[in-house]
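The file coords-v3.cif contains mmCIF, C-alpha atoms and all ligand atoms:
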data_protein
loop_
_atom_site.label_atom_id
_atom_site.label_comp_id
_atom_site.auth_asym_id
_atom_site.auth_seq_id
_atom_site.Cartn_x
_atom_site.Cartn_y
_atom_site.Cartn_z
CA MET A 27 4.61 -36.04 21.37
CA THR A 28 6.85 -39.07 21.32
CA SER A 29 8.61 -39.42 18.02
CA GLN A 30 8.01 -42.28 15.67
CA SER A 31 10.97 -44.46 14.80
CA LEU A 32 13.65 -42.69 12.82
CA PRO A 33 14.42 -43.35 9.17
CA GLN A 34 16.48 -46.48 8.67
CA GLY A 35 20.17 -45.82 9.07
CA MET A 36 19.79 -42.59 11.00
CA THR A 37 21.62 -42.28 14.32
CA ARG A 38 20.31 -39.88 16.90
CA ALA A 39 21.76 -38.51 20.11
CA PRO A 40 20.59 -40.25 23.29
CA GLY A 41 19.99 -38.56 26.60
CA THR A 42 16.61 -36.89 26.23
CA SER A 43 13.42 -38.55 27.35
CA GLY A 44 9.84 -37.96 28.41
CA PRO A 45 8.27 -34.73 27.16
CA HIS A 46 11.51 -33.77 25.46
CA ASP A 47 12.04 -37.05 23.64
CA GLY A 48 14.35 -36.13 20.78
CA TYR A 49 14.28 -32.41 21.54
CA MET A 50 15.99 -29.80 23.70
CA PRO A 51 13.82 -27.07 25.26
CA GLY A 52 14.33 -23.32 25.00
CA PHE A 53 14.07 -20.50 22.45
CA GLY A 54 17.38 -19.10 21.26
CA ASN A 55 19.44 -21.25 23.60
CA ASP A 56 23.04 -22.12 22.94
CA PHE A 57 22.58 -25.85 22.52
CA GLU A 58 25.07 -28.69 22.27
CA THR A 59 24.30 -32.23 21.17
CA GLU A 60 26.16 -35.23 19.77
CA ALA A 61 24.86 -38.41 18.17
CA LEU A 62 28.11 -40.29 18.90
CA PRO A 63 29.97 -40.00 22.22
CA GLY A 64 32.90 -37.61 22.12
CA ALA A 65 32.10 -36.25 18.67
CA LEU A 66 31.70 -32.70 19.98
CA PRO A 67 34.97 -30.88 20.72
CA GLN A 68 35.06 -29.38 24.19
CA GLY A 69 36.60 -26.02 25.02
CA GLN A 70 37.19 -25.00 21.40
CA ASN A 71 35.43 -24.89 18.06
CA SER A 72 38.13 -25.81 15.59
CA PRO A 73 40.62 -28.41 16.82
CA GLN A 74 43.49 -29.37 14.56
CA LYS A 75 41.80 -32.73 14.05
CA CYS A 76 38.19 -33.57 14.97
CA SER A 77 37.21 -36.86 16.56
CA TYR A 78 35.91 -39.62 14.27
CA GLY A 79 37.61 -37.85 11.35
CA LEU A 80 34.79 -35.31 11.20
CA TYR A 81 35.06 -31.93 9.53
CA GLY A 82 34.34 -28.80 11.57
CA GLU A 83 32.18 -26.20 9.83
CA GLN A 84 30.35 -23.06 10.90
CA LEU A 85 26.84 -22.21 9.71
CA SER A 86 26.14 -18.51 10.20
CA GLY A 87 22.60 -17.14 10.44
CA THR A 88 23.62 -13.54 11.07
CA ALA A 89 26.45 -11.33 9.90
CA PHE A 90 29.69 -11.90 11.80
CA THR A 91 29.44 -8.43 13.29
CA ALA A 92 25.78 -8.60 14.39
CA PRO A 93 25.35 -7.46 18.00
CA SER A 94 26.11 -10.23 20.47
CA ALA A 95 22.50 -10.60 21.58
CA GLN A 96 21.39 -11.22 17.96
CA ASN A 97 24.43 -13.11 16.73
CA GLU A 98 23.53 -16.65 15.65
CA ARG A 99 25.75 -19.40 14.39
CA THR A 100 26.17 -23.12 14.81
CA TRP A 101 29.28 -25.25 14.68
CA CYS A 102 28.73 -28.55 12.87
CA TYR A 103 30.96 -31.62 13.02
CA ARG A 104 30.14 -33.61 9.93
CA ILE A 105 31.21 -36.54 7.79
CA ARG A 106 31.86 -34.29 4.79
CA PRO A 107 32.07 -30.51 4.59
CA SER A 108 29.15 -28.81 2.86
CA VAL A 109 31.21 -28.07 -0.23
CA LYS A 110 30.82 -31.79 -0.95
CA HIS A 111 27.04 -31.48 -0.77
CA THR A 112 26.72 -29.42 -3.93
CA HIS A 113 28.29 -29.83 -7.33
CA ARG A 114 27.44 -28.08 -10.59
CA PHE A 115 24.05 -26.37 -10.60
CA ALA A 116 21.33 -26.87 -13.19
CA ARG A 117 18.38 -24.51 -13.30
CA ILE A 118 15.02 -26.15 -12.71
CA ASP A 119 11.49 -24.82 -12.68
CA LEU A 120 9.09 -25.00 -9.76
CA PRO A 121 6.36 -22.89 -11.34
CA HIS A 122 4.07 -22.61 -8.33
CA TRP A 123 6.68 -21.31 -5.85
CA LYS A 124 6.94 -17.57 -6.49
CA THR A 125 9.23 -14.97 -4.97
CA ALA A 126 8.94 -11.22 -4.45
CA PRO A 127 9.08 -8.97 -6.33
CA HIS A 128 6.27 -10.65 -8.24
CA VAL A 129 3.81 -7.97 -9.28
CA LEU A 130 1.58 -8.88 -12.20
CA ASP A 131 -0.06 -6.30 -14.46
CA ASP A 132 -3.22 -8.33 -14.90
CA VAL A 133 -3.73 -9.22 -11.21
CA THR A 134 -5.46 -6.84 -8.84
CA SER A 135 -4.26 -7.13 -5.27
CA LEU A 136 -6.37 -4.20 -4.04
CA GLY A 137 -9.33 -5.72 -2.28
CA GLN A 138 -10.60 -7.94 0.48
CA TYR A 139 -10.05 -11.55 -0.49
CA ARG A 140 -10.93 -14.95 0.88
CA TRP A 141 -10.14 -18.42 -0.37
CA ASP A 142 -11.61 -21.87 0.10
CA PRO A 143 -9.18 -24.57 1.22
CA LEU A 144 -7.07 -25.88 -1.63
CA PRO A 145 -8.29 -29.38 -2.51
CA MET A 146 -5.88 -32.27 -2.27
CA PRO A 147 -4.71 -33.20 -5.76
CA ASP A 148 -4.58 -36.70 -7.18
CA ALA A 149 -1.04 -36.29 -8.47
CA PRO A 150 1.84 -37.04 -6.09
CA LEU A 151 3.30 -33.85 -4.66
CA THR A 152 6.38 -33.33 -2.53
CA TRP A 153 7.33 -30.43 -0.28
CA LEU A 154 8.85 -28.76 -3.34
CA THR A 155 6.32 -29.55 -6.06
CA GLY A 156 3.39 -29.08 -3.68
CA MET A 157 4.23 -25.54 -2.57
CA ARG A 158 1.63 -23.02 -3.82
CA THR A 159 2.48 -19.36 -3.40
CA MET A 160 -0.52 -17.16 -2.61
CA THR A 161 1.05 -13.76 -1.95
CA THR A 162 4.44 -12.08 -2.04
CA ALA A 163 5.62 -8.84 -0.43
CA GLY A 164 8.84 -6.87 -0.44
CA ASP A 165 11.94 -7.95 -2.33
CA VAL A 166 14.04 -11.04 -1.78
CA ASN A 167 17.08 -9.30 -3.26
CA THR A 168 17.17 -6.79 -0.45
CA GLN A 169 16.09 -9.35 2.16
CA VAL A 170 12.87 -7.62 3.13
CA GLY A 171 9.32 -8.91 2.98
CA MET A 172 7.78 -12.31 2.79
CA ALA A 173 5.73 -14.80 0.82
CA SER A 174 2.77 -16.83 1.96
CA HIS A 175 2.26 -20.33 0.66
CA VAL A 176 -0.10 -23.25 1.02
CA TYR A 177 1.56 -26.64 0.85
CA LEU A 178 -0.09 -29.80 -0.41
CA VAL A 179 2.13 -32.79 0.26
CA THR A 180 1.31 -36.41 -0.50
CA GLN A 181 4.76 -37.87 -1.14
CA SER A 182 8.00 -37.97 0.84
CA MET A 183 11.23 -36.65 -0.63
CA ARG A 184 13.46 -39.66 -1.35
CA ASP A 185 17.19 -39.16 -1.78
CA ALA A 186 16.23 -35.56 -2.41
CA TYR A 187 17.15 -32.58 -0.26
CA PHE A 188 16.51 -28.87 -0.23
CA PHE A 189 17.74 -25.63 1.20
CA SER A 190 16.76 -22.02 0.68
CA ALA A 191 19.10 -19.06 0.78
CA ASP A 192 16.09 -16.76 0.44
CA GLY A 193 14.75 -16.95 3.95
CA GLU A 194 13.52 -18.97 6.86
CA LEU A 195 10.28 -20.94 6.61
CA LEU A 196 7.64 -20.80 9.31
CA VAL A 197 5.52 -23.92 8.83
CA VAL A 198 1.91 -24.04 10.10
CA PRO A 199 0.40 -27.50 9.52
CA GLN A 200 -3.37 -27.70 9.05
CA GLN A 201 -3.84 -31.34 8.09
CA GLY A 202 -1.60 -34.42 8.23
CA ARG A 203 1.78 -34.88 9.85
CA LEU A 204 5.20 -34.10 8.40
CA ARG A 205 8.76 -34.95 9.36
CA PHE A 206 11.62 -32.56 8.66
CA CYS A 207 14.89 -34.51 8.56
CA THR A 208 17.42 -31.69 8.80
CA GLU A 209 21.15 -31.39 9.10
CA LEU A 210 20.72 -30.58 12.79
CA GLY A 211 18.11 -33.20 13.70
CA VAL A 212 14.59 -34.46 13.13
CA ILE A 213 11.38 -32.50 13.75
CA ASP A 214 7.91 -34.05 13.55
CA VAL A 215 4.99 -31.62 13.29
CA GLU A 216 1.24 -31.89 13.27
CA PRO A 217 -1.67 -29.43 13.26
CA GLN A 218 -1.61 -26.94 16.16
CA GLU A 219 2.17 -27.08 16.14
CA ILE A 220 4.50 -24.87 14.11
CA ALA A 221 8.08 -25.38 12.95
CA LEU A 222 10.84 -23.02 11.89
CA ILE A 223 13.39 -24.05 9.29
CA PRO A 224 16.32 -21.59 9.22
CA ARG A 225 17.73 -20.05 6.08
CA GLY A 226 20.41 -22.26 4.56
CA LEU A 227 19.62 -25.44 6.50
CA VAL A 228 19.54 -28.60 4.36
CA TYR A 229 16.62 -30.96 4.85
CA ARG A 230 14.13 -33.33 3.32
CA VAL A 231 10.46 -33.62 4.15
CA GLU A 232 8.70 -36.93 4.74
CA VAL A 233 4.98 -37.54 5.04
CA LEU A 234 4.16 -39.28 8.34
CA GLU A 235 0.42 -39.02 7.84
CA GLY A 236 -0.98 -37.75 4.60
CA PRO A 237 -2.20 -36.07 2.66
CA ALA A 238 -0.73 -33.04 4.37
CA ARG A 239 -1.83 -29.44 3.96
CA GLY A 240 -0.71 -26.33 5.74
CA PHE A 241 0.57 -22.81 5.49
CA VAL A 242 4.09 -21.41 5.18
CA CYS A 243 5.44 -17.94 5.81
CA GLU A 244 8.70 -17.45 3.94
CA ASN A 245 10.55 -14.69 5.74
CA TYR A 246 13.11 -12.92 3.57
CA GLY A 247 14.15 -10.57 6.36
CA GLN A 248 15.53 -10.69 9.87
CA LYS A 249 14.75 -13.81 11.82
CA PHE A 250 11.61 -14.37 13.85
CA ASP A 251 12.05 -13.53 17.50
CA LEU A 252 9.81 -13.44 20.52
CA PRO A 253 8.05 -10.09 20.99
CA GLY A 254 8.88 -7.96 23.99
CA ARG A 255 6.19 -8.34 26.64
CA GLY A 256 6.43 -4.80 28.04
CA PRO A 257 4.33 -4.36 31.18
CA ILE A 258 3.05 -7.94 30.89
CA GLY A 259 6.35 -8.97 32.44
CA ALA A 260 8.35 -12.16 32.35
CA ASN A 261 5.65 -14.72 31.62
CA CYS A 262 2.70 -15.66 29.36
CA MET A 263 2.22 -15.39 25.62
CA ALA A 264 4.87 -17.72 24.10
CA ASN A 265 7.24 -18.94 26.79
CA ARG A 266 10.80 -19.80 25.84
CA ARG A 267 10.81 -23.26 27.41
CA ASP A 268 8.04 -24.46 25.07
CA PHE A 269 10.20 -24.19 21.95
CA LYS A 270 11.95 -27.45 21.09
CA THR A 271 15.08 -27.94 19.04
CA PRO A 272 16.01 -31.44 17.86
CA VAL A 273 18.99 -33.37 19.15
CA ALA A 274 21.70 -34.23 16.65
CA ALA A 275 20.89 -37.00 14.15
CA PHE A 276 22.83 -38.07 11.10
CA GLU A 277 22.87 -40.65 8.35
CA ASP A 278 25.90 -42.14 6.61
CA ARG A 279 24.26 -43.09 3.32
CA GLU A 280 26.07 -43.29 0.02
CA VAL A 281 23.37 -43.13 -2.64
CA ALA A 282 22.75 -40.92 -5.66
CA SER A 283 20.92 -37.86 -4.36
CA THR A 284 19.74 -34.46 -5.50
CA VAL A 285 19.91 -31.18 -3.62
CA THR A 286 17.58 -28.40 -4.71
CA ILE A 287 18.54 -24.85 -3.84
CA LYS A 288 16.32 -21.78 -3.79
CA TRP A 289 18.40 -18.66 -4.37
CA CYS A 290 16.93 -15.22 -5.16
CA GLY A 291 13.75 -16.84 -6.35
CA GLN A 292 15.43 -19.25 -8.74
CA PHE A 293 15.65 -22.99 -8.23
CA HIS A 294 18.69 -25.04 -9.08
CA GLU A 295 19.45 -28.70 -8.71
CA THR A 296 22.75 -30.37 -8.00
CA ARG A 297 23.62 -34.07 -7.86
CA ILE A 298 25.75 -35.75 -5.22
CA GLY A 299 26.51 -39.32 -4.22
CA HIS A 300 25.53 -39.32 -0.57
CA SER A 301 23.16 -37.91 2.02
CA PRO A 302 24.05 -34.37 3.14
CA LEU A 303 22.42 -35.03 6.52
CA ASP A 304 25.78 -35.98 7.98
CA VAL A 305 26.18 -33.71 11.03
CA VAL A 306 27.19 -36.03 13.86
CA ALA A 307 27.43 -33.33 16.52
CA TRP A 308 26.76 -29.61 16.77
CA HIS A 309 26.65 -26.70 19.14
CA GLY A 310 25.27 -23.23 18.71
CA ASN A 311 22.15 -21.09 18.59
CA TYR A 312 21.21 -21.18 14.88
CA ALA A 313 18.89 -24.16 14.70
CA PRO A 314 15.42 -25.32 13.74
CA TRP A 315 12.67 -25.63 16.31
CA LYS A 316 9.06 -26.53 16.79
CA TYR A 317 6.44 -25.07 19.09
CA ASP A 318 3.09 -26.36 20.32
CA LEU A 319 0.56 -23.56 19.79
CA LYS A 320 -1.56 -25.06 22.58
CA THR A 321 1.10 -23.86 25.02
CA TYR A 322 0.55 -20.24 23.94
CA CYS A 323 -0.84 -18.43 26.99
CA PRO A 324 -3.12 -15.64 25.76
CA VAL A 325 -3.45 -12.41 27.71
CA GLY A 326 -6.43 -10.16 27.14
CA ALA A 327 -9.27 -7.97 28.38
CA ILE A 328 -10.60 -8.54 31.88
CA LEU A 329 -13.00 -5.61 32.35
CA PHE A 330 -14.01 -3.67 29.22
CA ASP A 331 -12.82 -3.11 25.62
CA HIS A 332 -10.02 -5.26 24.31
CA PRO A 333 -6.45 -4.64 23.17
CA ASP A 334 -5.24 -4.61 19.60
CA PRO A 335 -4.62 -8.12 18.21
CA SER A 336 -0.90 -7.53 18.70
CA ILE A 337 -1.57 -8.87 22.19
CA PHE A 338 -1.72 -12.32 20.55
CA THR A 339 1.66 -12.08 18.79
CA VAL A 340 3.59 -15.34 19.00
CA LEU A 341 6.62 -14.29 16.96
CA THR A 342 7.81 -11.09 15.38
CA ALA A 343 10.38 -10.55 12.66
CA PRO A 344 11.68 -6.99 12.85
CA SER A 345 12.13 -4.62 9.94
CA GLY A 346 14.38 -1.59 9.85
CA ILE A 347 11.78 0.49 11.70
CA GLU A 348 11.56 -0.24 15.39
CA GLY A 349 8.14 -1.58 16.35
CA THR A 350 7.09 -2.03 12.70
CA ALA A 351 7.43 -5.67 11.88
CA ASN A 352 8.51 -7.21 8.63
CA ILE A 353 6.19 -9.99 9.82
CA ASP A 354 4.16 -10.68 12.94
CA PHE A 355 2.83 -14.18 13.49
CA VAL A 356 -0.37 -13.78 15.50
CA LEU A 357 -2.50 -16.56 17.01
CA PHE A 358 -6.26 -16.51 17.66
CA ARG A 359 -6.90 -19.51 19.86
CA ASP A 360 -9.63 -20.59 22.28
CA ARG A 361 -10.02 -18.17 25.17
CA TRP A 362 -12.50 -16.60 27.55
CA LEU A 363 -14.38 -13.43 26.65
CA VAL A 364 -15.43 -11.54 29.76
CA ALA A 365 -15.34 -7.84 28.88
CA GLU A 366 -18.42 -5.93 30.03
CA ASN A 367 -20.38 -3.47 27.87
CA THR A 368 -18.02 -4.26 25.01
CA PHE A 369 -18.24 -5.20 21.37
CA ARG A 370 -16.16 -8.30 21.81
CA PRO A 371 -15.15 -9.42 18.28
CA PRO A 372 -12.44 -7.57 16.38
CA TRP A 373 -13.69 -4.05 15.73
CA TYR A 374 -13.92 -2.58 12.24
CA HIS A 375 -10.54 -1.30 11.18
CA LYS A 376 -8.30 -0.11 8.36
CA ASN A 377 -4.65 -0.87 8.83
CA ILE A 378 -1.34 0.11 7.30
CA MET A 379 -0.18 -3.46 7.83
CA SER A 380 -1.28 -6.20 5.41
CA GLU A 381 -3.05 -9.09 7.07
CA LEU A 382 -3.09 -12.61 5.71
CA MET A 383 -5.11 -14.98 7.86
CA GLY A 384 -5.44 -18.75 7.84
CA ASN A 385 -7.82 -21.05 9.66
CA ILE A 386 -6.16 -24.08 11.27
CA TYR A 387 -9.38 -25.45 12.72
CA GLY A 388 -12.79 -24.45 14.01
CA VAL A 389 -14.79 -21.24 13.72
CA TYR A 390 -13.35 -17.72 13.77
CA ASP A 391 -15.52 -15.35 15.80
CA ALA A 392 -15.52 -12.40 13.37
CA LYS A 393 -16.46 -14.62 10.42
CA PRO A 394 -18.68 -17.52 11.50
CA LYS A 395 -19.16 -18.63 7.89
CA GLY A 396 -16.97 -18.80 4.83
CA PHE A 397 -13.59 -18.72 6.59
CA VAL A 398 -13.12 -22.43 7.10
CA PRO A 399 -10.22 -24.67 8.16
CA GLY A 400 -7.61 -24.69 5.43
CA GLY A 401 -8.95 -21.41 4.04
CA LEU A 402 -7.21 -18.04 3.84
CA SER A 403 -8.17 -14.39 3.77
CA LEU A 404 -6.26 -11.25 2.85
CA HIS A 405 -6.95 -7.72 4.01
CA ASN A 406 -4.28 -5.69 2.32
CA CYS A 407 -2.67 -2.39 3.25
CA MET A 408 -5.39 0.19 4.09
CA LEU A 409 -8.28 -2.06 3.05
CA PRO A 410 -11.11 -1.79 5.61
CA HIS A 411 -12.64 -4.90 7.12
CA GLY A 412 -14.33 -6.25 10.21
CA PRO A 413 -17.13 -8.54 11.38
CA ASP A 414 -19.75 -9.67 8.92
CA LEU A 415 -23.44 -9.01 9.57
CA ASN A 416 -24.06 -12.19 11.57
CA ALA A 417 -21.08 -11.58 13.83
CA PHE A 418 -21.96 -7.91 14.26
CA GLU A 419 -25.60 -8.53 15.14
CA ARG A 420 -24.80 -11.33 17.54
CA ALA A 421 -22.09 -9.41 19.34
CA SER A 422 -24.19 -6.25 19.50
CA ASN A 423 -27.27 -7.89 20.99
CA LEU A 424 -25.87 -10.75 23.07
CA LYS A 425 -26.49 -10.68 26.81
CA LEU A 426 -22.89 -10.32 27.91
CA GLU A 427 -21.78 -13.05 30.24
CA PRO A 428 -18.46 -14.84 30.42
CA GLU A 429 -18.23 -16.84 27.23
CA LYS A 430 -15.56 -19.24 26.15
CA LEU A 431 -14.53 -19.33 22.52
CA THR A 432 -13.85 -22.99 21.90
CA GLU A 433 -12.92 -25.08 18.90
CA THR A 434 -11.08 -22.25 17.23
CA MET A 435 -7.53 -21.69 16.04
CA SER A 436 -6.63 -19.18 13.36
CA PHE A 437 -3.49 -17.20 12.70
CA MET A 438 -2.27 -14.13 10.88
CA PHE A 439 0.88 -13.35 8.92
CA GLU A 440 0.92 -9.56 9.16
CA THR A 441 3.51 -7.56 7.27
CA ARG A 442 4.32 -3.88 6.86
CA PHE A 443 4.55 -4.46 3.09
CA PRO A 444 1.61 -4.73 0.67
CA GLN A 445 0.96 -8.30 -0.36
CA HIS A 446 0.63 -9.09 -4.06
CA LEU A 447 -1.49 -11.99 -5.27
CA THR A 448 0.05 -14.58 -7.51
CA GLY A 449 -1.74 -15.60 -10.68
CA PHE A 450 -2.54 -18.88 -8.97
CA ALA A 451 -4.17 -17.11 -6.02
CA ALA A 452 -6.13 -14.83 -8.34
CA THR A 453 -7.51 -17.45 -10.69
CA LYS A 454 -6.98 -21.05 -9.56
CA ALA A 455 -7.06 -21.20 -5.79
CA GLY A 456 -10.75 -21.06 -4.89
CA LEU A 457 -11.07 -17.29 -4.52
CA GLN A 458 -14.54 -16.52 -3.15
CA ASP A 459 -16.14 -14.03 -5.52
CA ASP A 460 -18.78 -13.08 -2.99
CA TYR A 461 -16.54 -12.35 -0.01
CA ILE A 462 -16.98 -8.60 -0.34
CA ASP A 463 -20.73 -9.16 0.01
CA CYS A 464 -20.38 -10.30 3.63
CA TRP A 465 -20.62 -6.63 4.59
CA ALA A 466 -23.30 -5.72 2.04
CA SER A 467 -26.23 -6.16 4.40
CA LEU A 468 -24.81 -4.04 7.21
CA ASP A 469 -27.49 -1.38 7.53
CA LYS A 470 -27.36 2.27 8.24
CA LYS A 471 -28.78 2.58 11.74
CA PHE A 472 -28.29 6.30 12.18
CA ASP A 473 -31.48 8.34 11.92
CA GLY A 474 -30.41 11.50 13.72
CA THR A 475 -31.99 10.56 17.03
CA PRO A 476 -29.98 9.52 20.10
CA GLY A 477 -30.19 6.12 21.73
CA MET A 478 -28.83 2.63 21.20
CA LYS A 479 -29.89 1.27 17.82
FE FE B 1 -7.66 -7.02 10.47
#

Would you encode the structure as structure tokens?
Amino acid sequence: MTSQSLPQGMTRAPGTSGPHDGYMPGFGNDFETEALPGALPQGQNSPQKCSYGLYGEQLSGTAFTAPSAQNERTWCYRIRPSVKHTHRFARIDLPHWKTAPHVLDDVTSLGQYRWDPLPMPDAPLTWLTGMRTMTTAGDVNTQVGMASHVYLVTQSMRDAYFFSADGELLVVPQQGRLRFCTELGVIDVEPQEIALIPRGLVYRVEVLEGPARGFVCENYGQKFDLPGRGPIGANCMANRRDFKTPVAAFEDREVASTVTIKWCGQFHETRIGHSPLDVVAWHGNYAPWKYDLKTYCPVGAILFDHPDPSIFTVLTAPSGIEGTANIDFVLFRDRWLVAENTFRPPWYHKNIMSELMGNIYGVYDAKPKGFVPGGLSLHNCMLPHGPDLNAFERASNLKLEPEKLTETMSFMFETRFPQHLTGFAATKAGLQDDYIDCWASLDKKFDGTPGMK
């Protein structure tokens, strides 16, 4: 998508055009970009003096000693060093943004849960005041686990900036369009795209088309990566070239501003006299990106049965146990169903992993009713679930021919850790009391005699 005009006073690097207007393609690439010619040092990171009087500064996303293949850092050449972008900190309260551990005695997280879409409020809400935490898992202090949020945003952040030391944010828009003006460039996102904002990156969020609603996975742990494809080989699923990182863009604005910082679940505010989005040039591999979910190439069953839903994993964030993710981001998009003599929807299951699903648009095949765009469901650790009666009966009795699932896009944040509901999710977020009843009318068919029932 071609970008709209930039905010007044922002200067962006030239040199990209067409489908990559404003972006550089590739997942995990070592990028380099400069918004002014010659701003980026060549052949070294830290010259005695930088061009334009810029300050050189490294932003590290991994420990210095992380293995080379995982090591991520970016060198920034900026108008002021980041120490000038914070001053004294004052604690503030953002009561709806919760952080793990957040386990409440009077909230029961054991169960199968489903929520209606959160309605858009009348009051103006920004990216910070409009964040509504639904579940938390793990512990931010040990950098494991995650939180799931729904954002409701009607108002742009003005002279206000934010960064989180607690984790990276995976943003899944469901309605409206947002712009992330970050230290490393500008990302515009809309429904059916996702964006990743790295831990520690300073940004503000503007509303391009509102009101905006969507989902966020806050990842306290190791960064999201692409899953290994195994025997699938070198192609399909999410392809590296479809991830887009913004070119450098900066603003030289001297105006009273606030920077809000999330740190171990607490929020603090600091006041400065200028915009912190002052990186004129940068190079490195620790950077934000966006990805068009419509470029995800699903791979699946072509004769009988179907694989586990892990076949639809877009991104995976590892935990300390190999193959057991801190978080998997899984996409259920339109696709052909062709398997013969097969119960085609997701089968009934009970899973050690905790599954939080969201509907971006359309109808989800295992739940034709009740799980609607903007809505969420949670099937927690070892809580059984599966198709409701309508989906079961249809799939069991349908004459099986090639069928295309269309007008559907849902996703899952799946984590190895149990997810705990917030008080908001339990009492104020449109929890459907009757969700458990969707399986109530599934009959016993067994009568001791053989044959298909
Ligand atoms: Fe499931």

Item to check | Shell of 8 Å around ligand FE 1 (chain B) (only C-alpha atoms and all ligand atoms), written as a list in words | outcome: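 Using only C-alpha atoms and all ligand atoms, I find these residues within 8 Å of ligand FE 1 (chain B): Pro372, Tyr374, His375, Lys376, Asn377, Glu381, His405, Pro410, His411 and Gly412 of chain A.
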
Checklist entry - Rounded to one decimal in Å, what is the spacing between CA of Leu80 in chain A and CA of Lys288 in chain A? => result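 These atoms are spaced 27.4 Å apart.
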
Checklist entry - Please, what distance in Å, to one decimal, runs between CA of Asn245 in chain A and CA of Phe115 in chain A? => result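 Going from CA of Asn245 in chain A over to CA of Phe115 in chain A, I get 24.2 Å.
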
Closest-contact table, range 89-192 of chain A side, partner range 223-241 of chain A, 10 Å, counting only C-alpha atoms, as JSON lines:
{"residue": "A:Ser108", "atom": "CA", "partner": "A:Val228", "partner_atom": "CA", "distance": 9.7}
{"residue": "A:His111", "atom": "CA", "partner": "A:Val228", "partner_atom": "CA", "distance": 9.5}
{"residue": "A:Pro143", "atom": "CA", "partner": "A:Arg239", "partner_atom": "CA", "distance": 9.2}
{"residue": "A:Leu144", "atom": "CA", "partner": "A:Arg239", "partner_atom": "CA", "distance": 8.4}
{"residue": "A:Pro145", "atom": "CA", "partner": "A:Arg239", "partner_atom": "CA", "distance": 9.1}
{"residue": "A:Met146", "atom": "CA", "partner": "A:Pro237", "partner_atom": "CA", "distance": 7.2}
{"residue": "A:Pro147", "atom": "CA", "partner": "A:Pro237", "partner_atom": "CA", "distance": 9.2}
{"residue": "A:Pro150", "atom": "CA", "partner": "A:Pro237", "partner_atom": "CA", "distance": 9.7}
{"residue": "A:Leu151", "atom": "CA", "partner": "A:Pro237", "partner_atom": "CA", "distance": 9.4}
{"residue": "A:Thr152", "atom": "CA", "partner": "A:Val231", "partner_atom": "CA", "distance": 7.8}
{"residue": "A:Trp153", "atom": "CA", "partner": "A:Val231", "partner_atom": "CA", "distance": 6.3}
{"residue": "A:Leu154", "atom": "CA", "partner": "A:Val231", "partner_atom": "CA", "distance": 9.1}
{"residue": "A:Gly156", "atom": "CA", "partner": "A:Arg239", "partner_atom": "CA", "distance": 9.3}
{"residue": "A:Met157", "atom": "CA", "partner": "A:Phe241", "partner_atom": "CA", "distance": 9.3}
{"residue": "A:Arg158", "atom": "CA", "partner": "A:Phe241", "partner_atom": "CA", "distance": 9.4}
{"residue": "A:Thr159", "atom": "CA", "partner": "A:Phe241", "partner_atom": "CA", "distance": 9.7}
{"residue": "A:Met160", "atom": "CA", "partner": "A:Phe241", "partner_atom": "CA", "distance": 9.9}
{"residue": "A:Ser174", "atom": "CA", "partner": "A:Phe241", "partner_atom": "CA", "distance": 7.3}
{"residue": "A:His175", "atom": "CA", "partner": "A:Phe241", "partner_atom": "CA", "distance": 5.7}
{"residue": "A:Val176", "atom": "CA", "partner": "A:Phe241", "partner_atom": "CA", "distance": 4.5}
{"residue": "A:Tyr177", "atom": "CA", "partner": "A:Arg239", "partner_atom": "CA", "distance": 5.4}
{"residue": "A:Leu178", "atom": "CA", "partner": "A:Arg239", "partner_atom": "CA", "distance": 4.7}
{"residue": "A:Val179", "atom": "CA", "partner": "A:Ala238", "partner_atom": "CA", "distance": 5.0}
{"residue": "A:Thr180", "atom": "CA", "partner": "A:Pro237", "partner_atom": "CA", "distance": 4.7}
{"residue": "A:Gln181", "atom": "CA", "partner": "A:Val233", "partner_atom": "CA", "distance": 6.2}
{"residue": "A:Ser182", "atom": "CA", "partner": "A:Glu232", "partner_atom": "CA", "distance": 4.1}
{"residue": "A:Met183", "atom": "CA", "partner": "A:Val231", "partner_atom": "CA", "distance": 5.7}
{"residue": "A:Arg184", "atom": "CA", "partner": "A:Arg230", "partner_atom": "CA", "distance": 7.9}
{"residue": "A:Asp185", "atom": "CA", "partner": "A:Arg230", "partner_atom": "CA", "distance": 8.3}
{"residue": "A:Ala186", "atom": "CA", "partner": "A:Arg230", "partner_atom": "CA", "distance": 6.5}
{"residue": "A:Tyr187", "atom": "CA", "partner": "A:Arg230", "partner_atom": "CA", "distance": 4.7}
{"residue": "A:Phe188", "atom": "CA", "partner": "A:Tyr229", "partner_atom": "CA", "distance": 5.5}
{"residue": "A:Phe189", "atom": "CA", "partner": "A:Val228", "partner_atom": "CA", "distance": 4.7}
{"residue": "A:Ser190", "atom": "CA", "partner": "A:Gly226", "partner_atom": "CA", "distance": 5.3}
{"residue": "A:Ala191", "atom": "CA", "partner": "A:Gly226", "partner_atom": "CA", "distance": 5.1}
{"residue": "A:Asp192", "atom": "CA", "partner": "A:Arg225", "partner_atom": "CA", "distance": 6.7}

Checklist outcome for this item: Judged by only C-alpha atoms, the minimum distance to Ser380 in chain A among A:Ile462, A:Ala163, A:Leu426, A:Val398 is found for A:Ala163

Checklist entry - What is the CA of Val109 in chain A to CA of Leu222 in chain A distance in Å? => result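 Spanning CA of Val109 in chain A to CA of Leu222 in chain A is a straight-line distance of 24.2 Å.
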
Checklist entry - Do you know which residues are at most 12 Å from range 63-78 of chain A counting all atoms listed in the file, after dropping those on the same chain fewer than 4 positions away, and could you put them as a list of chain:residue names? => result A:Thr37, A:Arg38, A:Ala39, A:Pro40, A:Gly41, A:Phe57, A:Glu58, A:Thr59, A:Gly82, A:Glu83, A:Gln84, A:Arg99, A:Thr100, A:Trp101, A:Cys102, A:Tyr103, A:Arg104, A:Ile105, A:Arg106, A:Ala274, A:Val305, A:Val306, A:Ala307, A:Trp308, A:His309, A:Gly310
